[in-house]
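Undergrad: Take a look at this one; I'll ask things after.
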Amino acid sequence: MLATIVANCVTLGMYSHQPGFDESQLGQFLQAADYYFLGVFSLEMLLKVLAMGLVLAPGTYLRSGWNILDGTVVALGYVDVLMSGSSVTALRAVRVLRPLRTITHIKGLRSGWFSLLSLFMIIANTAVMAAASYPMDPAWAAASETLNISFTFYFAMELLVKLTGLGPRRYIKDRMNQFDALVVAASLVEVALLLAPGDDSSTSSMSVLRTTRLMRVFKLARSWKELNRIITAVLRSFSQVCYLSLLLLLFVYIIALMGMQLFSHKFSSCDVDGAQQLCPPGVPRHECPSYPDCYVQCSESQAATWFAVPGSPYNGLAWCERFPRGDSLAGSSLCNATSSVPGVPADAPSAASSPSTDTYSYWAQVGKATVPDSRFDNIGWALLTTFQLVTTENWNNVIALSEARGESPALRRADLESEPSAWTAQGSFTLGTAVSPRGMPDTRRFAALVVPPKEPSQLPVASSSAGSFTAKFAVARSGGSVPRFSRLSGMPDEQDVDPNSGARSSSSSIKLSGTSCCVLGPENWLRQKLAQLITHKQFENGILLLIFCSSIILALEMPSLDHDGLFFNTLEFIDMAFVVLFALEALVKILVRGFVANGPGSYLRNPWNMLDFFIVVIGVVMMAITLAGGDVHSLSSLRALRTLRALRPLRVASRLEGMKVVVDALFASLPPLGNIVLVCLLFYLVFGIMGVHLLAGRLYSCQDMAGNLLHSEYVLPQGQYITRAWCEDAAAQVTTSAYHSVLNVTMPAYTSQRRWVNRVANFDNILTAILTLFQISTTELWVNTMYDSVAAVGIDQQPRDGHNPALAVFFVVFMIFGCFFVLQLFIATALEQFAKMHQEKGRSVLLTAQQEEWLTIERMIADTNLEPQPVPPSRSRWRVAVFKAVISSWAELLVMAAIIANVLLMALTHADMSPAWQDFMSYANVGFTAFFTLEAAAKLLALGWRQYLRDGWCRFDLFVVAVSIAGVCVDLATPQNLEVLPLLRVLRLVRVFRLIPKAEGLRNLLRTLVFSLPALGNIGGVLLLFFFMYAVVGMNLFGAVKHGQSLDRHSNFSNVGMALVVLFRMITGESWNGIMQDCMVTSECMLVLQDASVTSVAGQVPVSFTAGTWLDAGDALVKQLPAELLGNHCSPAPLAAVVYFCSFVLLCGLVLVNFVIGVIIDNMQSSNSSEDMPISSYHVERFTRAWSELDPSASHYIPAVDLSSLLRELPPPMGVRGEEGEQAKIQSIVMSVDIPIRKKNKVHFLETLHALAGRVAGTFVPEGEEAKVHRRLHPRLPLPPADPADAPKYTVAHFYAALYVQAAVRGFLRRHALCGVGGATMGFHSMASVGAQSMSFAALGEGLSPRPDEEGEAPR
């Protein structure tokens, strides 16, 4: 029911009071939808009455005030239906109360009756204000005004009641009451202005005051807990970032001041070739505009005449004036002269009677200077432009303007000694445009009227404006002893393995229970065989292959295919085969698991199976329609149903665990995002209503047929402005302009085709306003919308640049709240939910923090590898010298410096290089190539070819050297330039990555990136999956839509490949809304394919169409043309385009892409937390480095006797480096670890590392968790012997104990030999005791070495 109410709210918002709307297609659809909703609500009320009773007993239907509200709304709906055709505007207005029914379905909003009444009035007031639109039915406008005044008086009465009941002190203590009092005061002022007699000059002020009533919506925070939490979070964020915000504001202010100093009044230009901005001679500077007009120089012979100037906004003409003007504005009585231009009096004075030309210059004004909206003329515009740079919207345009700046045009004067202009009155010309300075890709332009004159044979013909101008839219934890840890000498027993881990369970893991489909019991042989089938490891692989092949078929079904062709029919047949196979898969699983009532394991109890079943049902329905002879491509409803096949690739996610986790996280984050979405919509609703009341109907403009915005100053006299009436008057002629009317000069009359059009992103009603605000919140073209709104003058009036700069505050405030807070709050909630789910999945509730740390350390050990170290040559001394040189640090730095110098030199390559510079570049390349060749030869000589080729970096160096030598040879042998060779030489820069291990910060970042790759791969796979689905849907919906400004031959949905490119562009936020708007086209999108002639609607006048004519989709003549003569390139449904593009931006652009950020942040936090563990990556790295010095060949084995040397090199807690009493501590460590002795008395790398780390941080963990880590370690451990009797029996503790006893015995024997047999006074046992006490354990590392026996056993 909640979804139905929300849908009804949407349809109510789509309703318009425009005359004739009820008869339109949308109006009829909304009326039918209203009957549907009325029926659903009636059924709901009837069921509740039957279940609860009507009114007599307690708890019955009408004993609840909420049910009374529901019943009232339903009853008034029936009154509206029964009185259809009558004047029931007031009753229809009651329909706006339907959104109040959502309160009965949302928890937390119910309270006492007084608060409930106020809540009702707040929501009703908001609903009435949201119902405003343009155009609005006068009756509804009057009714809404009456309702608004009533609401104002109610809230004033509420204030008085609270003030009386609470008293002034208690009332003022509540900040919400203070806020409410301000809103009531503003509302009363608005009512006073509304009721006061006078003109409409205070309309704008009233709109601002009226929007303050919307602030009352935030009183819902008292009852709406989620809103209260979010508002509290936003306010807390304000307080926490207060100083940071002040610092940011300070920087913005400083940058704005710097911009004023550098670029004030310098962002201007002339659009006419050869024109320059100047203040004409003889004209005082204070009389010239702040941005001087544009002039071209003319000759004396052209004085007082109209002559052709390509690009002039005056229909391609310009009036030549003499300066200084003198007593007369036009000079020398030239005010009314029009030269030889037809239609101008022939007896007009000429320039022959003018004084000497030595004292005059001749110039022709060709329009006002083009001034961009983003500029630094004053502190207001500078702050606004700097804020635009902060949002990164069109910042490159501002940079381009600053780079193109020159001398301030306001200071430039005419160059009296310049040569006469080459413009002639006889030359042909093309008509240009004077562009409105928007600086955005889809900006509207102020243009001249593009029309031919009345007598084309006598005047030059004006061509299209496109002919001369291109559109711009275009710790160590050592306390206490720890137990010895089991060896890592093999895999754990089967009983130690976690049964829930690993791949998909076998068939025996499925326990058949119940009766499937009321027929097949658990012992049924068919059900058992089918269970074995679906649990076979190749079954899912086969289904994945089918899904992949089916996806290819979906991608091949392009809209441009001939539906009667062989290829298309073949694709249809293959698709039906896939439908049958997928239906069989679903049937088999249903027979095994039961459909829905066979317990928790039933087929439809799994959401993924529900998705599979839904897709199969769609396929079966489409196949049935096709086999029945229906055309699934013609009907729009079937066409939309067919696009749902694009969900088929989503089934891959249910079969790949990595992607399944991401999709589960995505959908699990949706419920917590529900409240955030409602709060976001509330903010959008508030700002949307503000926008409607401020800008509804004010963004219309008069444009020519090319879509260029007309400038009043070029077509009307001074003080007059374009209106809708003038624009729609096709007979209105242009005879003067603002500039020439002051001179009393008449222009040659001309007319043009023009139209009064609305901006696509507008605020005419609440739905389009919310959509516009959503586009703005993504920072996409918000600057365009802001400056177009600033230029808005009023309803039916042409916009004028900078007319109402105060409106920019509305957009800046919305960007701060709607983009920087509300939208980022949406993203933060998604990331928080993702991190919470990751934490819940990544950590078992049965594990302590210490156990988690130990498992993390074990995983880190499992990922540790040894790299072979270069071994110096053993015989040749001079090779040893070369070896020491090439592996030294200074040699590495020298090579890196050479690489960077080489790349920097290559970066200096540019076009039009001089021969000397080319020779220098060639010689330098030879020098660098020789240096790197010498380096490679030295390394090859020092290391030998085996060691050299074993190192990956050396192989890479050799490849680059070979390519470089080939490049030099080609350069010397032929003058032909092979572009690929310099590109390959740039690969040398990759060697800079070898410096990463020496930079700790870079090393940590790279490690974080590497650890993030698996999760990023899963997210990337899901993102690619969604990309493919949206590409298929987009191809089916918009593949044939007519191209527009953003939807063009480079960006369209004609095939899957192009659609993927467009979606990737959209995910970056680049003009996604422009593509959406082009995909909503319904006008001039029906293409006439052949010449045709039909009878008009009146049935009297025949109408002919030529091939290539574009018609509107709603044109009545379209229905009369045969279908085969029309090509439908219209949007299938504008609403579908809105849902498609907005859902993609939200789902992929905001949620999934930010999951990538969440993964990286999570891994960075894990990396930082791992550094605080008892054994960190630093300790593991030090262990690896020390081991490599003892095992340079990376054999993973060292003699057990070298363990003491290893411990001396390791820092605590793993070793004793820098510690006092090393010998005693080494003895303690060796005797406490359990490292097995392998053959030849050696120890293994991983076993040693694991034992030393376990001595510090080890703890007992559940066997299942331990087994998961052991599975990762097992492949890199020594292979277990074939005979279990040959398994290691001794540890390093045994080995060193034997060495200890051996040293003691040898000491005794040595002292016994020195003292002689007769001199011995001590017995053997006492001597052994004394020898043991006197023998230092350090002897183990001072020359004592084991004598391994032939079997490799430790001494005994």
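Each chain of the structure tokens is named A, B, ... in the order shown, its residues numbered from 1; ligands are numbered from 1 in display order.
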Write out as JSON, numbers by chain each polymer residue whose atoms come within 10 Å of Glu145 of chain A, counting only C-alpha atoms; drop sequence neighbours fewer than 5 positions from it.

TA: {"A": [128, 129, 139, 140, 150, 151, 191, 194]}

Undergrad: Leaving out segment 1198-1214 of chain A and any residue of its chain fewer than 6 positions from it, which residues lie within 10 Å of it when counting only C-alpha atoms, given as an MDAnalysis selection string?

TA: chainID A and resid 475:478 1174:1175 1179:1180 1182:1191 1222:1223 1225:1227 1229:1230 1235:1245 1248:1249 1251:1257 1291:1292 1295:1296 1299 1338 1340:1341 1344:1346 1354

Undergrad: Find, counting only C-alpha atoms, the residue in A:Thr736, A:Ile1160, A:Ser1228, A:Leu54 that gets nearest to Ser1012 of chain A.

TA: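 Of A:Thr736, A:Ile1160, A:Ser1228, A:Leu54, the one nearest Ser1012 of chain A, counting only C-alpha atoms, is A:Ile1160.
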
Undergrad: Pick out the closest residue to Leu695 of chain A from this set: A:Asn758, A:Asn675, A:Gln532, A:Gln869. Count only C-alpha atoms.

TA: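 Comparing A:Asn758, A:Asn675, A:Gln532, A:Gln869 against Leu695 of chain A, the winner is A:Asn758.
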
Undergrad: When distances are computed from only C-alpha atoms, which of A:Asn1018, A:Gln850, A:Ser144, A:Gln1077 shows the smallest separation from Gly658 of chain A?

TA: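 Looking at the shortest contact to Gly658 of chain A, the residue is A:Asn1018.
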
Undergrad: Name the closest residue to Phe37 of chain A among the candidates A:Val970, A:Val74, A:Leu69, A:Ala555; distances are taken between atoms, counting only C-alpha atoms.

TA: A:Val74

Undergrad: DSSP on the backbone, then: every residue of segment 691-778 of chain A marked strand (DSSP E), written as a list in words.

TA: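 Taking segment 691-778 of chain A and keeping strand (DSSP E) gives Ser701, Cys702, Gln703, Asp704, Leu709, Leu710, Arg754, Arg755, Trp756 and Val757 of chain A.
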
Undergrad: Please report the interatomic distance between atom CA of Gly311 of chain A and atom CA of Gln798 of chain A in Å with one decimal.

TA: 22.4 Å

Undergrad: Please determine, counting only C-alpha atoms, which residue among A:Phe683, A:Phe1144, A:Phe1155, A:Trp1110 has the shortest atom-to-atom distance to Leu1063 of chain A.

TA: A:Phe1144

Undergrad: Can you tell me, as JSON, numbers by chain, which residues in segment 1225-1305 of chain A count as alpha helix (DSSP H) by DSSP?

TA: {"A": [1225, 1226, 1227, 1228, 1229, 1230, 1231, 1232, 1245, 1246, 1247, 1248, 1249, 1250, 1251, 1252, 1253, 1254, 1255, 1256, 1257, 1263, 1264, 1265, 1266, 1267, 1268, 1269, 1270, 1271, 1272, 1273, 1292, 1293, 1294, 1295, 1296, 1297, 1298, 1299, 1300, 1301, 1302, 1303, 1304, 1305]}

Undergrad: Write out as a list in words the residues lying within 8 Å of Met786 of chain A, counting only C-alpha atoms and excluding same-chain residues fewer than 6 positions away.

TA: Leu807, Ala808 and Phe811 of chain A

Undergrad: Report, in Å to a single decimal, how far apart atom CA of Tyr603 of chain A and atom CA of Ser513 of chain A are.

TA: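 Calculated distance between atom CA of Ser513 of chain A and atom CA of Tyr603 of chain A is 12.9 Å.
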